Amino acid sequence: MVIILTVLAYFCILLVLSRFTSKRANNDAFYRANRRSPWYMVAFGMVGASISGVTFVSVPGMVEGIGMTYMQTCLGFIVGYFVVAFVLLPVYYRLNLTTIYTYLKDRLGIRSYKTGASFFLLSKMAGAAVRFYVVCIILQRFVLDAVGVPFPVTVVAMVLLIWLYTHRAGIKTLVWTDSFQTLCMFVALVLIIIQVINMLDMTIPQAITAIAHDSHSRIFVFDDWLSKQNFWKQFLSGIFIVIVMTGLDQDMMQKNMTCKTLRDAQKDMCSYGFAFVPANLLFLSLGVLLMMLAQRQGISLPALPDELLPMFAATGRLGEAVVIFFTIGIVAASFSSADSALTALTTSYCVDIRGRGEDEALRKRAHLMVAIVFIVFILLFKVINSTSVIDAIYIMCSYTYGPLLGLFAFGLLTKRRVCDRWTPYIAVASPLICFAIDELASLAGYQFGYELLMLNGLLTFVGLWISGLKISEK
């Protein structure tokens, strides 16, 4: 009951913020917030939107299997954000885009444009559904099962709450609600860490020393080239994950393009890029501390790493206050990623697929339709999920975002034309070839990690190059 009341109270605050920000809202406010957002608000809110409920639950559990090696990927994120800020953002601002995929129409052709937008819709819908699945399944498992609420009802209710505060002003509302949600998430994280440290009878300096000397605190792996945790695999993958999942993602870029000027957008991008390192270090440190606490109390670690934090925080083992902190944190993280995803999907569908961005009636219908499809994806993921949630997202990213990487790389790095009618086939073939290569490599003893994303983009790039040979010869 405490968790349910906490969620309802939190939602009421979001609804109040939505009411204040949605006055006289129109399509331009929904899509671009009238290009008047303060860059520091966008930057702070983007931290929460990028972290999501997946990070809140999965990252602390990572330390059990791979230590703190995820930090190698986070270091790559910083470089990736600088590439987005100084390579991609200038292009988007110069062309005054509403959706970033419009660039593909002018550079490569209408089919390339529709292909890019379609891959985004598929990728974002699947990825956002995975992220939001986390909060729904935890609320279900630890609270709602006990009172007999079916999982589909949980999903519908949660998505409906998000639709209610986003359907009027879209991105204009999200700039402010995401900042509030980021604040709630980090306050909750810090308070949980402090409580765990107190239960270990440590001071903060003692906890830092204990984490540094723990066997699970290893960050760098340089000695095993076959390992998925090898530094260069993780670091380079981190760069490309950000370029694709932020720079080529309408969801993430839509908020950045609400800043008043390009310079403001670049400041916001670089600021929250640096914030990822300390943020993820906190989550990983919490994981190490929780494993120490489990050992001290003689508690067996859960079979699934994603359940490490919920096992303590959602069951009352850390006290009733932590149950509230945990609920606020995970709901804040999950809402801040799901609400922007629904808005971006609506924008891309109306502008890119239907070509009717000015139609307000269509936008309202589309927003409701996207929410319904989002519910369906979440329910499907519950059926098929069989791996760590965060790995599942990046596996899907490697296959579905790869063609976007290839399309934009070809457009930005070359001046060649393409055979536009071939582009959809190339974009579908590249992930299939990647899958086959991955399977063959595993038989030979090599394990692909997140670098599969780079291979996928390269295959798309080569395919586009070949398609343009005959045109170039004319």
# chains A, B, ... in the order shown; residues from 1 in each chain; ligands from 1
>>> residues_around(residues="segment 87-93 of chain A", least_positions_apart="2", cutoff="9 Å", atoms="only C-alpha atoms", output="VMD selection string")
chain A and resid 82 to 85 95 to 100 103 243 247 to 248 253 256 to 257 261 to 262 265 to 266 412
>>> residues_around(residues="segment 195-208 of chain A", least_positions_apart="3", cutoff="7 Å", atoms="only C-alpha atoms", output="ChimeraX atom specification")
/A:191-192,211-212,289,293
>>> closest_residue(among="A:Leu108, A:Phe44, A:Asp224, A:Arg218", to="Trp465 of chain A", atoms="only C-alpha atoms")
A:Leu108
>>> closest_residue(among="A:Asp339, A:Asp306, A:Asp28, A:Asp352", to="Thr102 of chain A", atoms="only C-alpha atoms")
A:Asp352
>>> residues_around(residues="Ser179 of chain A", least_positions_apart="6", cutoff="10 Å", atoms="only C-alpha atoms", output="number ranges by chain")
A: 40-49, 185, 332, 336
>>> residues_around(residues="segment 160-175 of chain A", least_positions_apart="6", cutoff="8 Å", atoms="only C-alpha atoms", output="PDB file with N, CA and C atoms, in the first residue's frame")
ATOM      1  N   PHE A  11       2.774  10.915  -9.104  1.00  0.00           N
ATOM      2  CA  PHE A  11       2.071  11.236 -10.340  1.00  0.00           C
ATOM      3  C   PHE A  11       1.303  12.552 -10.220  1.00  0.00           C
ATOM      4  N   LEU A  14       3.566  15.368 -10.998  1.00  0.00           N
ATOM      5  CA  LEU A  14       3.811  15.467 -12.432  1.00  0.00           C
ATOM      6  C   LEU A  14       2.629  16.106 -13.152  1.00  0.00           C
ATOM      7  N   LEU A  15       1.433  15.772 -12.720  1.00  0.00           N
ATOM      8  CA  LEU A  15       0.240  16.315 -13.363  1.00  0.00           C
ATOM      9  C   LEU A  15       0.132  17.818 -13.126  1.00  0.00           C
ATOM     10  N   LEU A  17       2.743  19.857 -12.674  1.00  0.00           N
ATOM     11  CA  LEU A  17       3.754  20.445 -13.552  1.00  0.00           C
ATOM     12  C   LEU A  17       3.260  20.495 -14.988  1.00  0.00           C
ATOM     13  N   SER A  18       2.581  19.439 -15.403  1.00  0.00           N
ATOM     14  CA  SER A  18       2.043  19.387 -16.770  1.00  0.00           C
ATOM     15  C   SER A  18       1.016  20.487 -16.993  1.00  0.00           C
ATOM     16  N   ARG A  19       0.189  20.722 -16.011  1.00  0.00           N
ATOM     17  CA  ARG A  19      -0.853  21.744 -16.160  1.00  0.00           C
ATOM     18  C   ARG A  19      -0.252  23.143 -16.350  1.00  0.00           C
ATOM     19  N   THR A  21       2.751  23.848 -17.569  1.00  0.00           N
ATOM     20  CA  THR A  21       3.560  23.962 -18.786  1.00  0.00           C
ATOM     21  C   THR A  21       2.760  23.802 -20.071  1.00  0.00           C
ATOM     22  N   SER A  22       1.516  23.369 -19.971  1.00  0.00           N
ATOM     23  CA  SER A  22       0.743  23.084 -21.181  1.00  0.00           C
ATOM     24  C   SER A  22      -0.227  24.196 -21.569  1.00  0.00           C
ATOM     25  N   ALA A  25      -0.603  25.427 -25.399  1.00  0.00           N
ATOM     26  CA  ALA A  25       0.308  24.539 -26.133  1.00  0.00           C
ATOM     27  C   ALA A  25      -0.244  24.231 -27.514  1.00  0.00           C
ATOM     28  N   ASN A  26       0.644  24.206 -28.496  1.00  0.00           N
ATOM     29  CA  ASN A  26       0.276  23.820 -29.855  1.00  0.00           C
ATOM     30  C   ASN A  26       1.263  22.764 -30.352  1.00  0.00           C
ATOM     31  N   ASN A  27       1.234  22.463 -31.649  1.00  0.00           N
ATOM     32  CA  ASN A  27       2.127  21.434 -32.179  1.00  0.00           C
ATOM     33  C   ASN A  27       3.597  21.808 -32.033  1.00  0.00           C
ATOM     34  N   ALA A  29       4.908  23.541 -29.671  1.00  0.00           N
ATOM     35  CA  ALA A  29       5.255  23.291 -28.270  1.00  0.00           C
ATOM     36  C   ALA A  29       5.440  21.791 -28.025  1.00  0.00           C
ATOM     37  N   PHE A  30       4.566  20.983 -28.608  1.00  0.00           N
ATOM     38  CA  PHE A  30       4.637  19.534 -28.427  1.00  0.00           C
ATOM     39  C   PHE A  30       5.918  18.977 -29.027  1.00  0.00           C
ATOM     40  N   TYR A  31       6.296  19.443 -30.240  1.00  0.00           N
ATOM     41  CA  TYR A  31       7.450  18.900 -30.952  1.00  0.00           C
ATOM     42  C   TYR A  31       8.770  19.528 -30.528  1.00  0.00           C
ATOM     43  N   ARG A  32       8.785  20.867 -30.297  1.00  0.00           N
ATOM     44  CA  ARG A  32      10.065  21.553 -30.100  1.00  0.00           C
ATOM     45  C   ARG A  32      10.081  22.509 -28.905  1.00  0.00           C
ATOM     46  N   ALA A  33       9.031  22.510 -28.097  1.00  0.00           N
ATOM     47  CA  ALA A  33       8.942  23.408 -26.930  1.00  0.00           C
ATOM     48  C   ALA A  33       9.164  24.862 -27.324  1.00  0.00           C
ATOM     49  N   ASN A  34       8.764  25.201 -28.559  1.00  0.00           N
ATOM     50  CA  ASN A  34       8.914  26.564 -29.095  1.00  0.00           C
ATOM     51  C   ASN A  34      10.367  27.055 -29.104  1.00  0.00           C
ATOM     52  N   SER A  37      13.762  26.353 -24.424  1.00  0.00           N
ATOM     53  CA  SER A  37      14.145  25.646 -23.201  1.00  0.00           C
ATOM     54  C   SER A  37      15.510  26.099 -22.695  1.00  0.00           C
ATOM     55  N   MET A  41      18.381  23.160 -17.804  1.00  0.00           N
ATOM     56  CA  MET A  41      17.245  22.308 -17.454  1.00  0.00           C
ATOM     57  C   MET A  41      17.197  21.082 -18.352  1.00  0.00           C
ATOM     58  N   VAL A  42      17.471  21.286 -19.629  1.00  0.00           N
ATOM     59  CA  VAL A  42      17.506  20.155 -20.554  1.00  0.00           C
ATOM     60  C   VAL A  42      18.599  19.182 -20.142  1.00  0.00           C
ATOM     61  N   GLY A  45      17.646  17.252 -16.913  1.00  0.00           N
ATOM     62  CA  GLY A  45      16.588  16.294 -17.188  1.00  0.00           C
ATOM     63  C   GLY A  45      17.043  15.135 -18.048  1.00  0.00           C
ATOM     64  N   GLN A 254      15.402  15.269 -29.655  1.00  0.00           N
ATOM     65  CA  GLN A 254      14.260  16.173 -29.659  1.00  0.00           C
ATOM     66  C   GLN A 254      14.350  17.165 -28.499  1.00  0.00           C
ATOM     67  N   LYS A 255      14.804  16.687 -27.344  1.00  0.00           N
ATOM     68  CA  LYS A 255      14.951  17.591 -26.202  1.00  0.00           C
ATOM     69  C   LYS A 255      16.098  18.565 -26.422  1.00  0.00           C
ATOM     70  N   PHE A 335       9.703   6.645 -15.604  1.00  0.00           N
ATOM     71  CA  PHE A 335       8.798   7.616 -16.217  1.00  0.00           C
ATOM     72  C   PHE A 335       9.548   8.590 -17.116  1.00  0.00           C
ATOM     73  N   SER A 336      10.757   9.014 -16.684  1.00  0.00           N
ATOM     74  CA  SER A 336      11.482  10.025 -17.445  1.00  0.00           C
ATOM     75  C   SER A 336      11.971   9.501 -18.788  1.00  0.00           C
ATOM     76  N   ALA A 338      10.285   6.757 -20.422  1.00  0.00           N
ATOM     77  CA  ALA A 338       9.097   6.338 -21.175  1.00  0.00           C
ATOM     78  C   ALA A 338       8.302   7.524 -21.706  1.00  0.00           C
ATOM     79  N   ASP A 339       8.198   8.597 -20.926  1.00  0.00           N
ATOM     80  CA  ASP A 339       7.384   9.729 -21.389  1.00  0.00           C
ATOM     81  C   ASP A 339       8.008  10.389 -22.618  1.00  0.00           C
ATOM     82  N   SER A 340       9.335  10.527 -22.632  1.00  0.00           N
ATOM     83  CA  SER A 340       9.975  11.129 -23.797  1.00  0.00           C
ATOM     84  C   SER A 340       9.917  10.204 -25.009  1.00  0.00           C
ATOM     85  N   THR A 343       6.549  10.632 -26.662  1.00  0.00           N
ATOM     86  CA  THR A 343       6.502  11.908 -27.377  1.00  0.00           C
ATOM     87  C   THR A 343       7.288  11.845 -28.674  1.00  0.00           C
ATOM     88  N   LYS A 364      -2.832  14.102 -31.818  1.00  0.00           N
ATOM     89  CA  LYS A 364      -3.506  13.602 -30.616  1.00  0.00           C
ATOM     90  C   LYS A 364      -3.902  12.133 -30.778  1.00  0.00           C
ATOM     91  N   HIS A 367      -0.704   9.983 -30.637  1.00  0.00           N
ATOM     92  CA  HIS A 367      -0.143   9.853 -29.289  1.00  0.00           C
ATOM     93  C   HIS A 367      -0.858   8.748 -28.516  1.00  0.00           C
ATOM     94  N   LEU A 368      -2.167   8.675 -28.667  1.00  0.00           N
ATOM     95  CA  LEU A 368      -2.933   7.614 -28.019  1.00  0.00           C
ATOM     96  C   LEU A 368      -2.607   6.251 -28.635  1.00  0.00           C
ATOM     97  N   ALA A 371       0.717   4.979 -27.388  1.00  0.00           N
ATOM     98  CA  ALA A 371       0.598   4.470 -26.021  1.00  0.00           C
ATOM     99  C   ALA A 371       0.036   3.050 -26.009  1.00  0.00           C
TER     100      ALA A 371
END
>>> atom_distance(atom1="atom CA of Thr346 of chain A", atom2="atom CA of Thr154 of chain A")
22.7 Å
>>> closest_residue(among="A:Leu286, A:Ile110, A:Met125, A:Ile193", to="Val322 of chain A", atoms="only C-alpha atoms")
A:Ile193
>>> select_by_dssp(residues="segment 11-215 of chain A", states="helix (DSSP H, G or I)", output="PyMOL selection string")
chain A and resi 11-21+27-35+39-66+70-94+102-107+110-142+144-147+151-166+171-199+204-213
>>> residues_around(residues="Leu362 of chain A", least_positions_apart="5", cutoff="10 Å", atoms="only C-alpha atoms", output="PyMOL selection string")
chain A and resi 346+349-350+354+356-357+367
>>> closest_atom_pairs(of="segment 196-283 of chain A", to="segment 71-74 of chain A", cutoff="8 Å", atoms="only C-alpha atoms", output="CSV")
residue,atom,partner,partner_atom,distance
A:Ile219,CA,A:Met71,CA,6.3
A:Phe220,CA,A:Gln72,CA,6.7
A:Phe231,CA,A:Gln72,CA,6.1
A:Gln234,CA,A:Thr73,CA,4.7
A:Phe235,CA,A:Thr73,CA,4.8
A:Leu236,CA,A:Thr73,CA,7.6
A:Ser237,CA,A:Thr73,CA,6.7
A:Gly238,CA,A:Thr73,CA,4.5
A:Ile239,CA,A:Thr73,CA,7.8
A:Phe276,CA,A:Cys74,CA,6.6
A:Val277,CA,A:Cys74,CA,5.8
A:Asn280,CA,A:Met71,CA,7.2
A:Leu281,CA,A:Met71,CA,7.1
>>> write_last_selection(atoms="all heavy atoms", output="mmCIF file, in the first residue's frame")
data_model
loop_
_atom_site.group_PDB
_atom_site.id
_atom_site.type_symbol
_atom_site.label_atom_id
_atom_site.label_comp_id
_atom_site.auth_asym_id
_atom_site.auth_seq_id
_atom_site.Cartn_x
_atom_site.Cartn_y
_atom_site.Cartn_z
ATOM 1 N N ILE A 219 37.761 -2.441 -12.758
ATOM 2 C CA ILE A 219 37.183 -1.625 -13.830
ATOM 3 C C ILE A 219 37.775 -1.976 -15.187
ATOM 4 O O ILE A 219 37.037 -2.163 -16.157
ATOM 5 C CB ILE A 219 37.384 -0.126 -13.545
ATOM 6 C CG1 ILE A 219 36.576 0.299 -12.312
ATOM 7 C CG2 ILE A 219 36.980 0.720 -14.761
ATOM 8 C CD1 ILE A 219 36.762 1.755 -11.924
ATOM 9 N N PHE A 220 39.085 -2.080 -15.280
ATOM 10 C CA PHE A 220 39.743 -2.202 -16.579
ATOM 11 C C PHE A 220 40.158 -3.640 -16.881
ATOM 12 O O PHE A 220 40.679 -4.342 -16.002
ATOM 13 C CB PHE A 220 40.976 -1.289 -16.636
ATOM 14 C CG PHE A 220 40.641 0.162 -16.480
ATOM 15 C CD1 PHE A 220 40.904 0.836 -15.295
ATOM 16 C CD2 PHE A 220 40.028 0.867 -17.520
ATOM 17 C CE1 PHE A 220 40.586 2.175 -15.143
ATOM 18 C CE2 PHE A 220 39.703 2.203 -17.372
ATOM 19 C CZ PHE A 220 39.985 2.854 -16.189
ATOM 20 N N PHE A 231 38.749 -3.756 -22.580
ATOM 21 C CA PHE A 231 38.619 -2.296 -22.531
ATOM 22 C C PHE A 231 38.266 -1.696 -23.881
ATOM 23 O O PHE A 231 37.347 -0.873 -23.985
ATOM 24 C CB PHE A 231 39.924 -1.668 -22.021
ATOM 25 C CG PHE A 231 39.920 -0.158 -22.111
ATOM 26 C CD1 PHE A 231 39.273 0.600 -21.145
ATOM 27 C CD2 PHE A 231 40.520 0.498 -23.178
ATOM 28 C CE1 PHE A 231 39.246 1.986 -21.231
ATOM 29 C CE2 PHE A 231 40.497 1.884 -23.273
ATOM 30 C CZ PHE A 231 39.858 2.629 -22.296
ATOM 31 N N GLN A 234 34.728 -2.334 -24.999
ATOM 32 C CA GLN A 234 33.757 -1.571 -24.213
ATOM 33 C C GLN A 234 33.844 -0.077 -24.516
ATOM 34 O O GLN A 234 32.818 0.587 -24.688
ATOM 35 C CB GLN A 234 34.015 -1.816 -22.720
ATOM 36 C CG GLN A 234 33.763 -3.229 -22.258
ATOM 37 C CD GLN A 234 32.299 -3.522 -22.043
ATOM 38 O OE1 GLN A 234 31.591 -2.778 -21.366
ATOM 39 N NE2 GLN A 234 31.820 -4.602 -22.615
ATOM 40 N N PHE A 235 35.060 0.442 -24.581
ATOM 41 C CA PHE A 235 35.252 1.878 -24.797
ATOM 42 C C PHE A 235 34.737 2.313 -26.164
ATOM 43 O O PHE A 235 33.964 3.279 -26.275
ATOM 44 C CB PHE A 235 36.744 2.212 -24.657
ATOM 45 C CG PHE A 235 37.057 3.679 -24.826
ATOM 46 C CD1 PHE A 235 36.775 4.582 -23.810
ATOM 47 C CD2 PHE A 235 37.622 4.154 -25.996
ATOM 48 C CE1 PHE A 235 37.064 5.937 -23.952
ATOM 49 C CE2 PHE A 235 37.920 5.500 -26.151
ATOM 50 C CZ PHE A 235 37.635 6.394 -25.121
ATOM 51 N N LEU A 236 35.143 1.613 -27.218
ATOM 52 C CA LEU A 236 34.696 1.967 -28.570
ATOM 53 C C LEU A 236 33.193 1.756 -28.719
ATOM 54 O O LEU A 236 32.503 2.547 -29.369
ATOM 55 C CB LEU A 236 35.453 1.150 -29.609
ATOM 56 C CG LEU A 236 36.957 1.465 -29.728
ATOM 57 C CD1 LEU A 236 37.631 0.491 -30.679
ATOM 58 C CD2 LEU A 236 37.168 2.900 -30.197
ATOM 59 N N SER A 237 32.685 0.701 -28.109
ATOM 60 C CA SER A 237 31.237 0.462 -28.162
ATOM 61 C C SER A 237 30.486 1.581 -27.464
ATOM 62 O O SER A 237 29.421 2.008 -27.920
ATOM 63 C CB SER A 237 30.897 -0.885 -27.517
ATOM 64 O OG SER A 237 31.475 -1.949 -28.237
ATOM 65 N N GLY A 238 31.047 2.084 -26.341
ATOM 66 C CA GLY A 238 30.412 3.198 -25.638
ATOM 67 C C GLY A 238 30.298 4.428 -26.508
ATOM 68 O O GLY A 238 29.270 5.123 -26.497
ATOM 69 N N ILE A 239 31.346 4.699 -27.293
ATOM 70 C CA ILE A 239 31.309 5.846 -28.214
ATOM 71 C C ILE A 239 30.174 5.698 -29.208
ATOM 72 O O ILE A 239 29.360 6.612 -29.410
ATOM 73 C CB ILE A 239 32.654 5.989 -28.947
ATOM 74 C CG1 ILE A 239 33.779 6.301 -27.968
ATOM 75 C CG2 ILE A 239 32.561 7.080 -30.019
ATOM 76 C CD1 ILE A 239 35.157 6.285 -28.596
ATOM 77 N N PHE A 276 27.584 11.160 -16.672
ATOM 78 C CA PHE A 276 27.350 9.719 -16.699
ATOM 79 C C PHE A 276 28.379 8.935 -15.891
ATOM 80 O O PHE A 276 28.051 7.889 -15.319
ATOM 81 C CB PHE A 276 27.353 9.214 -18.145
ATOM 82 C CG PHE A 276 25.987 9.097 -18.713
ATOM 83 C CD1 PHE A 276 25.378 10.190 -19.315
ATOM 84 C CD2 PHE A 276 25.287 7.917 -18.638
ATOM 85 C CE1 PHE A 276 24.111 10.097 -19.828
ATOM 86 C CE2 PHE A 276 24.014 7.813 -19.150
ATOM 87 C CZ PHE A 276 23.423 8.903 -19.753
ATOM 88 N N VAL A 277 29.611 9.398 -15.846
ATOM 89 C CA VAL A 277 30.644 8.653 -15.130
ATOM 90 C C VAL A 277 30.358 8.599 -13.626
ATOM 91 O O VAL A 277 30.262 7.509 -13.042
ATOM 92 C CB VAL A 277 32.047 9.222 -15.422
ATOM 93 C CG1 VAL A 277 33.085 8.588 -14.510
ATOM 94 C CG2 VAL A 277 32.413 8.976 -16.878
ATOM 95 N N ASN A 280 26.955 6.511 -12.883
ATOM 96 C CA ASN A 280 27.055 5.051 -12.962
ATOM 97 C C ASN A 280 28.006 4.489 -11.924
ATOM 98 O O ASN A 280 27.833 3.356 -11.463
ATOM 99 C CB ASN A 280 27.481 4.629 -14.368
ATOM 100 C CG ASN A 280 26.334 4.665 -15.352
ATOM 101 O OD1 ASN A 280 25.463 3.802 -15.335
ATOM 102 N ND2 ASN A 280 26.312 5.677 -16.207
ATOM 103 N N LEU A 281 29.019 5.278 -11.531
ATOM 104 C CA LEU A 281 29.910 4.826 -10.470
ATOM 105 C C LEU A 281 29.143 4.669 -9.154
ATOM 106 O O LEU A 281 29.395 3.726 -8.380
ATOM 107 C CB LEU A 281 31.048 5.830 -10.297
ATOM 108 C CG LEU A 281 32.177 5.422 -9.345
ATOM 109 C CD1 LEU A 281 32.827 4.121 -9.810
ATOM 110 C CD2 LEU A 281 33.212 6.537 -9.250
#
>>> residues_around(residues="Gly406 of chain A", least_positions_apart="4", cutoff="9 Å", atoms="only C-alpha atoms", output="PyMOL selection string")
chain A and resi 401-402+410-411+427+454+456-462+464
>>> write_last_selection(atoms="C-alpha atoms", output="short mmCIF file (atom, residue, chain, number, x, y, z; two decimals), in the first residue's frame")
data_model
loop_
_atom_site.label_atom_id
_atom_site.label_comp_id
_atom_site.auth_asym_id
_atom_site.auth_seq_id
_atom_site.Cartn_x
_atom_site.Cartn_y
_atom_site.Cartn_z
CA TYR A 401 20.22 0.93 -34.63
CA GLY A 402 23.06 -0.31 -36.84
CA PHE A 410 27.25 7.57 -45.36
CA GLY A 411 25.39 10.87 -45.64
CA ALA A 427 18.93 -1.86 -44.05
CA MET A 454 29.74 -1.02 -35.36
CA ASN A 456 26.10 -3.56 -38.45
CA GLY A 457 26.67 0.09 -39.35
CA LEU A 458 29.69 -0.83 -41.49
CA LEU A 459 27.69 -3.40 -43.46
CA THR A 460 24.96 -0.83 -44.14
CA PHE A 461 27.59 1.73 -45.20
CA VAL A 462 29.20 -0.74 -47.63
CA LEU A 464 24.94 1.93 -49.69
#
